[in-house]
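Enquirer: Okay, so here is run-v1.cif, and as you'll see once you scroll down, it has mmCIF, C-alpha atoms.
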```
data_input
loop_
_atom_site.label_atom_id
_atom_site.label_comp_id
_atom_site.auth_asym_id
_atom_site.auth_seq_id
_atom_site.Cartn_x
_atom_site.Cartn_y
_atom_site.Cartn_z
CA MET W 4 0.00 0.00 0.00
CA ARG W 5 2.73 2.39 0.94
CA ALA W 6 4.64 1.51 -2.17
CA ARG W 7 1.58 2.21 -4.27
CA SER W 8 0.91 5.56 -2.63
CA ALA W 9 4.57 6.46 -3.07
CA ILE W 10 4.30 5.73 -6.79
CA VAL W 11 1.14 7.81 -7.00
CA LEU W 12 2.98 10.64 -5.25
CA VAL W 13 5.89 10.41 -7.67
CA LEU W 14 3.54 10.45 -10.65
CA ALA W 15 1.66 13.42 -9.20
CA PHE W 16 4.96 15.25 -8.66
CA ALA W 17 6.06 14.55 -12.24
CA ALA W 18 2.69 15.65 -13.61
CA ALA W 19 2.81 18.85 -11.57
CA LEU W 20 6.34 19.55 -12.85
CA ALA W 21 5.27 18.98 -16.44
CA TRP W 22 2.17 21.11 -16.04
CA ALA W 23 3.86 24.02 -14.29
CA GLN W 24 6.86 23.99 -16.67
CA PRO W 25 9.18 25.63 -14.16
CA ASP W 26 12.00 27.78 -15.52
CA LEU W 27 15.08 25.71 -14.76
CA ARG W 28 17.51 28.24 -16.21
CA ARG W 29 20.18 29.52 -13.83
CA TRP W 30 22.47 32.50 -14.19
CA LEU W 31 25.43 33.04 -11.92
CA PRO W 32 25.52 36.31 -9.99
CA LEU W 33 28.18 38.73 -11.25
CA ALA W 34 30.21 38.45 -8.06
CA ARG W 35 30.59 34.69 -8.56
CA ASP W 36 30.87 34.45 -12.36
CA GLY W 37 34.64 34.03 -12.40
CA LEU W 38 35.15 37.11 -14.56
CA HIS W 39 34.15 40.05 -12.39
CA ASP W 40 36.31 41.05 -9.46
CA PRO W 41 34.10 40.32 -6.42
CA ALA W 42 35.80 43.27 -4.70
CA SER W 43 34.67 45.66 -7.43
CA PRO W 44 31.79 47.95 -6.50
CA ALA W 45 30.31 47.09 -9.91
CA THR W 46 29.16 43.67 -8.70
CA ARG W 47 26.72 45.42 -6.38
CA GLN W 48 25.57 48.07 -8.88
CA LEU W 49 25.33 46.40 -12.29
CA GLN W 50 22.23 44.53 -13.38
CA GLU W 51 22.37 40.79 -12.75
CA PRO W 52 21.88 38.56 -15.83
CA ARG W 53 19.06 36.69 -14.13
CA GLU W 54 17.05 39.88 -13.66
CA ALA W 55 17.00 40.65 -17.38
CA LEU W 56 17.32 37.28 -19.06
CA SER W 57 14.84 35.24 -17.03
CA LEU W 58 12.02 37.29 -18.60
CA LEU W 59 12.98 36.40 -22.17
CA ALA W 60 12.13 33.46 -24.46
CA PRO W 61 13.98 30.44 -23.03
CA ASP W 62 16.75 28.58 -24.78
CA THR W 63 19.16 25.83 -23.78
CA ALA W 64 22.37 27.34 -25.16
CA GLY W 65 24.33 30.59 -25.08
CA ASN W 66 22.62 33.16 -22.89
CA GLN W 67 19.71 30.69 -22.51
CA VAL W 68 17.63 33.20 -24.44
CA ARG W 69 16.10 32.96 -27.91
CA TRP W 70 17.07 36.47 -28.95
CA VAL W 71 15.24 36.62 -32.28
CA GLU W 72 12.07 35.25 -30.70
CA SER W 73 12.35 37.74 -27.83
CA LEU W 74 12.62 40.56 -30.35
CA GLU W 75 9.74 39.36 -32.50
CA ARG W 76 7.49 38.79 -29.50
CA GLY W 77 8.20 42.29 -28.24
CA GLN W 78 9.81 41.11 -25.00
CA ILE W 79 12.66 43.47 -25.85
CA ALA W 80 12.66 46.62 -27.98
CA PRO W 81 16.31 47.32 -28.74
CA ARG W 82 17.02 50.66 -30.39
CA SER W 83 17.99 50.65 -34.05
CA THR W 84 19.82 53.94 -34.09
CA ILE W 85 21.56 56.52 -31.98
CA ASP W 86 21.57 59.09 -34.78
CA PRO W 87 18.07 59.64 -36.11
CA GLY W 88 19.40 59.71 -39.67
CA THR W 89 20.52 56.11 -39.94
CA GLN W 90 18.43 53.57 -41.83
CA VAL W 91 17.11 50.16 -40.85
CA ARG W 92 17.10 47.78 -43.79
CA VAL W 93 15.32 44.46 -43.24
CA LEU W 94 15.58 41.87 -46.01
CA ASP W 95 13.08 39.02 -45.95
CA ASP W 96 14.37 36.09 -47.95
CA GLU W 97 16.16 32.83 -47.36
CA ILE W 98 19.31 31.37 -48.86
CA LEU W 99 19.93 27.62 -49.00
CA LEU W 100 23.60 26.75 -48.56
CA ASN W 101 25.72 23.61 -48.40
CA LEU W 102 23.76 21.99 -51.19
CA HIS W 103 26.30 19.28 -51.96
CA GLY W 104 27.68 18.48 -48.51
CA GLY W 105 27.01 15.51 -46.31
CA THR W 106 25.26 17.35 -43.50
CA PRO W 107 21.73 18.72 -43.84
CA ILE W 108 21.30 21.84 -45.99
CA VAL W 109 21.73 25.22 -44.31
CA ARG W 110 18.75 27.55 -44.44
CA PHE W 111 19.99 31.10 -43.91
CA PRO W 112 17.18 33.52 -43.03
CA HIS W 113 18.05 37.10 -44.02
CA ARG W 114 15.19 38.49 -41.95
CA ALA W 115 16.42 37.23 -38.57
CA HIS W 116 19.84 38.63 -39.34
CA THR W 117 18.79 42.02 -40.69
CA LEU W 118 16.53 42.59 -37.68
CA TRP W 119 19.79 42.96 -35.74
CA LEU W 120 22.44 43.86 -38.29
CA ASP W 121 23.01 46.23 -41.16
CA CYS W 122 23.77 44.85 -44.66
CA SER W 123 27.25 46.38 -44.44
CA ASN W 124 28.11 44.30 -41.38
CA CYS W 125 28.42 41.21 -43.60
CA HIS W 126 28.58 42.52 -47.18
CA GLU W 127 30.90 42.67 -49.02
CA GLU W 128 33.73 42.14 -46.57
CA ILE W 129 32.74 38.88 -44.84
CA PHE W 130 30.35 37.55 -47.49
CA ARG W 131 29.89 38.41 -51.17
CA SER W 132 26.27 39.17 -52.05
CA LYS W 133 25.88 36.25 -54.42
CA ALA W 134 24.56 32.82 -53.51
CA GLY W 135 27.27 30.26 -54.15
CA ALA W 136 30.08 32.85 -54.35
CA ASN W 137 31.29 32.25 -50.79
CA ARG W 138 33.30 29.17 -49.96
CA LEU W 139 31.94 28.43 -46.53
CA ASP W 140 34.08 26.17 -44.40
CA MET W 141 33.31 24.88 -40.91
CA ARG W 142 37.01 24.99 -40.05
CA LYS W 143 37.07 28.70 -40.76
CA ILE W 144 33.77 29.20 -38.97
CA LEU W 145 35.12 27.42 -35.89
CA GLN W 146 38.12 29.74 -35.96
CA GLY W 147 35.88 32.79 -35.80
CA GLU W 148 35.65 33.62 -39.49
CA GLN W 149 32.56 33.81 -41.76
CA CYS W 150 29.45 32.86 -39.71
CA GLY W 151 31.81 32.33 -36.77
CA VAL W 152 32.38 36.06 -36.44
CA CYS W 153 29.13 36.15 -34.45
CA HIS W 154 28.02 32.51 -34.03
CA GLY W 155 30.11 30.95 -31.31
CA ALA W 156 30.87 34.33 -29.76
CA VAL W 157 27.61 36.23 -29.27
CA ALA W 158 24.94 34.71 -31.50
CA PHE W 159 23.94 31.11 -30.71
CA PRO W 160 26.93 28.75 -30.25
CA LEU W 161 28.47 26.59 -32.98
CA THR W 162 27.58 23.47 -31.02
CA GLU W 163 23.94 23.99 -32.11
CA CYS W 164 24.56 22.32 -35.51
CA GLY W 165 20.92 21.65 -36.34
CA ARG W 166 19.83 25.26 -36.12
CA CYS W 167 21.71 26.10 -39.33
CA HIS W 168 21.84 22.64 -40.90
CA SER W 169 18.10 22.41 -40.70
CA VAL W 170 16.85 21.19 -44.08
CA PRO W 171 16.96 17.40 -44.54
CA ARG W 172 18.81 16.04 -47.58
CA ALA W 173 15.62 14.49 -48.92
CA ARG W 174 14.62 17.96 -50.08
CA THR W 175 17.83 18.45 -52.05
CA GLY W 176 16.06 18.75 -55.40
CA GLN W 177 14.02 21.64 -54.12
CA GLY W 178 17.11 23.25 -52.61
CA GLN W 179 19.07 23.11 -55.85
CA ALA W 180 16.20 24.58 -57.79
CA ALA W 181 16.00 27.42 -55.30
CA ALA W 182 19.75 28.01 -55.38
CA ARG W 183 19.77 28.37 -59.15
CA GLY W 184 17.38 31.26 -58.73
CA ALA W 185 20.12 32.99 -56.65
CA THR W 186 17.65 34.31 -54.07
CA PRO W 187 15.26 31.57 -53.07
CA ALA W 188 12.55 33.56 -51.38
CA ALA W 189 10.34 31.89 -48.84
CA PRO W 190 8.90 34.88 -47.01
CA GLY W 191 7.09 34.32 -43.79
CA ALA W 192 8.98 31.18 -42.86
CA PRO W 193 10.08 31.10 -39.22
CA GLY W 194 13.57 32.22 -38.25
CA PRO W 195 16.00 30.14 -36.23
CA MET Q 2 -0.93 -1.64 7.55
CA GLU Q 3 2.44 -3.02 8.64
CA LYS Q 4 1.21 -6.59 8.27
CA ILE Q 5 0.47 -6.22 4.58
CA LEU Q 6 4.01 -5.16 3.74
CA ILE Q 7 6.12 -7.86 2.21
CA PRO Q 8 9.64 -8.29 3.63
CA GLY Q 9 12.19 -5.83 2.31
CA ILE Q 10 9.63 -3.23 1.28
CA ARG Q 11 11.04 -0.72 3.73
CA ALA Q 12 14.43 -0.94 2.09
CA ARG Q 13 12.83 -0.61 -1.33
CA LEU Q 14 10.84 2.43 -0.19
CA ALA Q 15 13.98 4.00 1.25
CA GLY Q 16 15.71 3.37 -2.05
CA LEU Q 17 12.84 4.95 -3.93
CA VAL Q 18 12.92 8.02 -1.72
CA LEU Q 19 16.69 8.30 -2.18
CA ALA Q 20 16.38 7.98 -5.95
CA LEU Q 21 13.67 10.65 -5.94
CA ALA Q 22 15.83 12.99 -3.91
CA ALA Q 23 18.74 12.39 -6.26
CA MET Q 24 16.54 13.13 -9.29
CA ALA Q 25 15.23 16.32 -7.72
CA GLY Q 26 18.78 17.39 -6.93
CA LEU Q 27 19.85 16.64 -10.49
CA VAL Q 28 16.95 18.62 -11.96
CA LEU Q 29 17.81 21.62 -9.81
CA ALA Q 30 21.55 21.43 -10.36
CA LEU Q 31 21.86 20.46 -14.05
CA PRO Q 32 21.11 23.65 -15.98
CA ALA Q 33 23.61 25.75 -14.01
CA PRO Q 34 26.05 27.31 -16.50
CA ALA Q 35 29.73 26.99 -15.78
CA LEU Q 36 30.82 30.62 -15.70
CA ALA Q 37 30.06 34.18 -16.71
CA GLU Q 38 27.57 35.05 -19.43
CA TYR Q 39 28.00 33.87 -23.00
CA GLY Q 40 29.39 36.71 -25.11
CA ASP Q 41 30.84 38.74 -22.26
CA VAL Q 42 33.94 40.44 -23.67
CA VAL Q 43 37.00 41.13 -21.54
CA ILE Q 44 38.99 44.07 -22.90
CA ASN Q 45 42.43 44.31 -21.41
CA ASN Q 46 44.42 46.18 -24.05
CA HIS Q 47 45.74 48.79 -21.62
CA SER Q 48 43.99 48.17 -18.29
CA ASP Q 49 46.54 45.98 -16.51
CA ALA Q 50 49.38 48.26 -17.58
CA ALA Q 51 47.42 51.27 -16.38
CA GLY Q 52 46.71 49.68 -13.01
CA VAL Q 53 42.94 49.47 -13.37
CA ARG Q 54 40.71 46.41 -13.59
CA PRO Q 55 40.12 45.04 -17.11
CA VAL Q 56 36.82 45.99 -18.75
CA VAL Q 57 34.02 43.42 -18.81
CA PHE Q 58 31.60 44.29 -21.62
CA PRO Q 59 28.28 42.47 -21.16
CA HIS Q 60 26.89 41.76 -24.64
CA TRP Q 61 23.61 40.45 -23.20
CA PHE Q 62 22.92 43.70 -21.37
CA HIS Q 63 23.50 45.86 -24.44
CA ARG Q 64 21.62 43.47 -26.72
CA VAL Q 65 18.44 43.93 -24.72
CA ARG Q 66 18.66 47.67 -25.42
CA PHE Q 67 20.38 48.04 -28.80
CA ARG Q 68 20.52 46.13 -32.06
CA CYS Q 69 23.97 44.92 -33.13
CA LYS Q 70 24.10 47.44 -35.97
CA VAL Q 71 24.10 50.44 -33.64
CA CYS Q 72 27.57 49.65 -32.33
CA HIS Q 73 28.94 47.44 -35.09
CA SER Q 74 27.80 49.57 -38.01
CA ASP Q 75 26.93 53.09 -36.87
CA LEU Q 76 29.64 53.39 -34.21
CA GLY Q 77 32.27 51.38 -36.05
CA PHE Q 78 33.10 48.67 -33.52
CA LYS Q 79 34.93 45.82 -35.28
CA PHE Q 80 33.76 42.27 -34.60
CA GLN Q 81 36.93 41.36 -32.72
CA ALA Q 82 37.63 41.39 -29.02
CA GLY Q 83 40.57 43.70 -28.50
CA GLY Q 84 40.55 44.66 -32.18
CA ASN Q 85 39.25 48.17 -31.57
CA ASP Q 86 41.88 50.64 -30.50
CA ILE Q 87 39.82 52.09 -27.69
CA ASN Q 88 41.25 54.38 -25.05
CA MET Q 89 39.77 56.82 -22.55
CA VAL Q 90 40.70 59.90 -24.61
CA LYS Q 91 38.61 58.61 -27.51
CA ILE Q 92 35.73 57.69 -25.20
CA ILE Q 93 35.70 61.14 -23.62
CA ASP Q 94 35.82 62.52 -27.17
CA GLY Q 95 32.52 60.68 -27.90
CA GLN Q 96 33.95 57.79 -29.88
CA PHE Q 97 33.26 54.08 -29.23
CA CYS Q 98 31.68 53.62 -25.77
CA GLY Q 99 31.62 57.41 -25.44
CA ALA Q 100 28.87 57.70 -28.06
CA CYS Q 101 26.42 56.61 -25.36
CA HIS Q 102 28.37 56.68 -22.11
CA ASN Q 103 28.30 60.46 -21.95
CA GLY Q 104 25.69 61.10 -19.29
CA ALA Q 105 23.00 61.55 -21.95
CA VAL Q 106 22.17 58.07 -23.29
CA ALA Q 107 23.93 56.12 -20.55
CA TRP Q 108 25.96 56.92 -17.47
CA SER Q 109 29.17 58.79 -18.11
CA VAL Q 110 32.88 58.06 -17.84
CA GLU Q 111 33.44 59.05 -14.24
CA ASN Q 112 31.90 55.70 -13.21
CA CYS Q 113 35.23 53.97 -13.89
CA ASP Q 114 34.45 50.94 -11.76
CA LEU Q 115 31.28 50.00 -13.60
CA CYS Q 116 33.20 49.04 -16.76
CA HIS Q 117 36.60 48.33 -15.23
CA SER Q 118 35.20 45.53 -13.11
CA GLY Q 119 37.09 42.38 -14.16
CA LYS Q 120 39.66 40.39 -12.26
CA ALA Q 121 43.18 41.71 -12.81
CA ASN Q 122 45.30 39.85 -15.41
CA THR Q 123 42.26 38.43 -17.23
CA PRO Q 124 43.27 38.32 -20.90
CA THR Q 125 41.25 39.95 -23.68
CA GLN Q 126 38.64 37.41 -24.83
CA VAL Q 127 35.08 36.62 -25.75
CA HIS Q 128 34.01 34.68 -22.72
CA GLU Q 129 32.31 31.29 -23.12
CA SER Q 130 32.85 31.38 -26.89
CA THR Q 131 32.55 28.03 -28.66
CA ILE Q 132 36.28 28.04 -29.40
CA GLN Q 133 37.04 28.68 -25.77
CA LYS Q 134 34.74 25.88 -24.72
CA LEU Q 135 36.20 23.37 -27.17
CA ALA Q 136 39.85 24.39 -26.96
CA GLY Q 137 40.08 25.67 -23.38
CA PRO Q 138 40.25 29.19 -22.00
CA ALA Q 139 42.63 31.79 -23.33
CA PRO Q 140 46.02 31.65 -21.61
CA ALA Q 141 46.77 34.31 -19.05
CA ALA Q 142 49.39 35.69 -21.41
CA PRO Q 143 50.14 39.33 -22.26
CA ALA Q 144 46.74 40.92 -22.63
CA THR Q 145 47.16 42.29 -26.14
CA ALA Q 146 48.13 38.91 -27.60
CA ALA Q 147 44.83 37.11 -26.99
CA LYS Q 148 42.11 38.07 -29.41
CA ARG Q 149 39.50 35.43 -28.83
#
```
Let's see the structure in the file written out as structure tokens.

Expert:
Amino acid sequence: MRARSAIVLVLAFAAALAWAQPDLRRWLPLARDGLHDPASPATRQLQEPREALSLLAPDTAGNQVRWVESLERGQIAPRSTIDPGTQVRVLDDEILLNLHGGTPIVRFPHRAHTLWLDCSNCHEEIFRSKAGANRLDMRKILQGEQCGVCHGAVAFPLTECGRCHSVPRARTGQGQAAARGATPAAPGAPGP
Amino acid sequence: MEKILIPGIRARLAGLVLALAAMAGLVLALPAPALAEYGDVVINNHSDAAGVRPVVFPHWFHRVRFRCKVCHSDLGFKFQAGGNDINMVKIIDGQFCGACHNGAVAWSVENCDLCHSGKANTPTQVHESTIQKLAGPAPAAPATAAKR
């Protein structure tokens, strides 16, 4: 009897956990993060990561925040300019990359990137504005070049392979057709 | 109640309770990240030599408030830790951090300690970067040598 009631209790506990979906994310306080000097007055004055990040769309990697989702859901409203004159240019298309590799095809969403960045941040210095004109290489990316300028440093980490390599090989025919058109547009598709 | 229990059930129950406690502990402990926030940049081009704490730049904090382009396009910050030749004269002149940290957009430069808050001798780096995680932390070498 006791065993049975214990099992019922366990099941109830598990069900309650699943239903409540508690936020299991943890952020270290600045004074104990290994980087800040605990003796610095800053550790008592600066905002703690938990205070800001626990309110944003949860993730399992990086800052444990889905930054694009947070932006699109209006959880944050980061400024686009300091000078009122500067332009915001959002491009809404998708580029399929890595069409002939062994890993799944990469779907690059311009929209998610241009929500944060200006065209000139990537073009023409890091990437040429022509599909197929850039020889992308994971070794370079892992060394902080190409996509690795941001991914693996600030944007989601390079250990999240499937977020870029997201289109299964079975759809290769479609991918090649799209790539021939140089700018395969699939507006409205969700970002990473 | 006691009579119904088969022999050994107490031990089994104790085991169950222990396993439960262990699971609960695991659930609470697992997601804890190892160290400081992903993307935190330590800038120690001149700080150690000047006898102040290295700068810790929290990307996450600025990202909540500004899009990347504001600093990396409009203000001209290069995408490389330590790759921007920043010094206090330029900041006071309104360049780099000084474009906002001027008392108008954000707090101004007399709050030295708020930026210069890192542990002494921490090399310039992007903290928690994938490279750092896979290849180990940057060596505590001369500050200007380590880029990422």

Enquirer: Which one is closest to W:Ser73: W:Ala115, W:Ile129, W:Ala45, W:Leu161? Count all atoms listed in the file.

Expert: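 Among W:Ala115, W:Ile129, W:Ala45, W:Leu161, it is W:Ala115 that comes nearest to W:Ser73.
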
Enquirer: Taking into account all atoms listed in the file, which residue in the set Q:Gln96, Q:Ser130, Q:Asn85, Q:Asn46 is nearest to chain W?

Expert: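 Under the stated criterion, the closest residue is Q:Ser130.
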
Enquirer: Identify all residues satisfying the PyMOL selection byres ((chain Q) within 7 of (chain W)) in the given file; provide them as a list in words.

Expert: Leu14, Leu29, Pro32, Ala33, Pro34, Leu36, Ala37, Glu38, Tyr39, Gly40, Arg64, Val65, Arg66, Phe67, Arg68, Cys69, Lys70, Val71, Ser74, Phe80, Asp114, Leu115, Ser118, Gly119, Lys120, Val127, Ser130, Thr131 and Ile132 of chain Q

Enquirer: Can you measure atom CA of Q:Gly99 to atom CA of Q:Gln81 for me? One decimal in Å is fine.

Expert: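 According to the coordinates, atom CA of Q:Gly99 and atom CA of Q:Gln81 are separated by 18.4 Å.
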
Enquirer: Take the PyMOL selection byres ((chain Q and resi 55) around 10), run it mentally on this structure, and tell me the resulting residues as a VMD selection string.

Expert: (chain W and resid 38 to 40) or (chain Q and resid 43 to 54 56 to 58 114 116 to 125 144)

Enquirer: Residues near W:Thr106, anyone? I mean within 10 Å using only C-alpha atoms, not counting same-chain ones fewer than 3 positions away, as a PDB file with C-alpha atoms, in the frame of the given file.

Expert:
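part.pdb was written with the following content:
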```pdb
ATOM      1  CA  ASN W 101      25.720  23.610 -48.400  1.00  0.00           C
ATOM      2  CA  LEU W 102      23.760  21.990 -51.190  1.00  0.00           C
ATOM      3  CA  HIS W 103      26.300  19.280 -51.960  1.00  0.00           C
ATOM      4  CA  VAL W 109      21.730  25.220 -44.310  1.00  0.00           C
ATOM      5  CA  CYS W 164      24.560  22.320 -35.510  1.00  0.00           C
ATOM      6  CA  GLY W 165      20.920  21.650 -36.340  1.00  0.00           C
ATOM      7  CA  HIS W 168      21.840  22.640 -40.900  1.00  0.00           C
ATOM      8  CA  SER W 169      18.100  22.410 -40.700  1.00  0.00           C
ATOM      9  CA  VAL W 170      16.850  21.190 -44.080  1.00  0.00           C
ATOM     10  CA  PRO W 171      16.960  17.400 -44.540  1.00  0.00           C
ATOM     11  CA  ARG W 172      18.810  16.040 -47.580  1.00  0.00           C
TER      12      ARG W 172
END
```

Enquirer: Please indicate the distance in Å from atom CA of Q:Cys98 to atom CA of Q:Gly77, rounded to one decimal place.

Expert: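 According to the coordinates, atom CA of Q:Cys98 and atom CA of Q:Gly77 are separated by 10.5 Å.
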
Enquirer: With all atoms listed in the file as the basis for distance, which of Q:Ala82, Q:Ala15, Q:Ile92, Q:Ala100 is at the shortest distance from Q:Cys113?

Expert: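 Nearest to Q:Cys113: Q:Ile92.
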
Enquirer: As an exercise, work out the distance from atom CA of Q:Asp94 to atom CA of Q:Phe62 in Å and give it to one decimal place.

Expert: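 Atom CA of Q:Asp94 sits 23.5 Å away from atom CA of Q:Phe62.
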
Enquirer: Just checking: using only C-alpha atoms, which residue out of Q:Asp75, Q:Asn88, Q:His60, Q:His102 ends up closest to W:Gly88?

Expert: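 Distance minimum relative to W:Gly88 lands on Q:Asp75.
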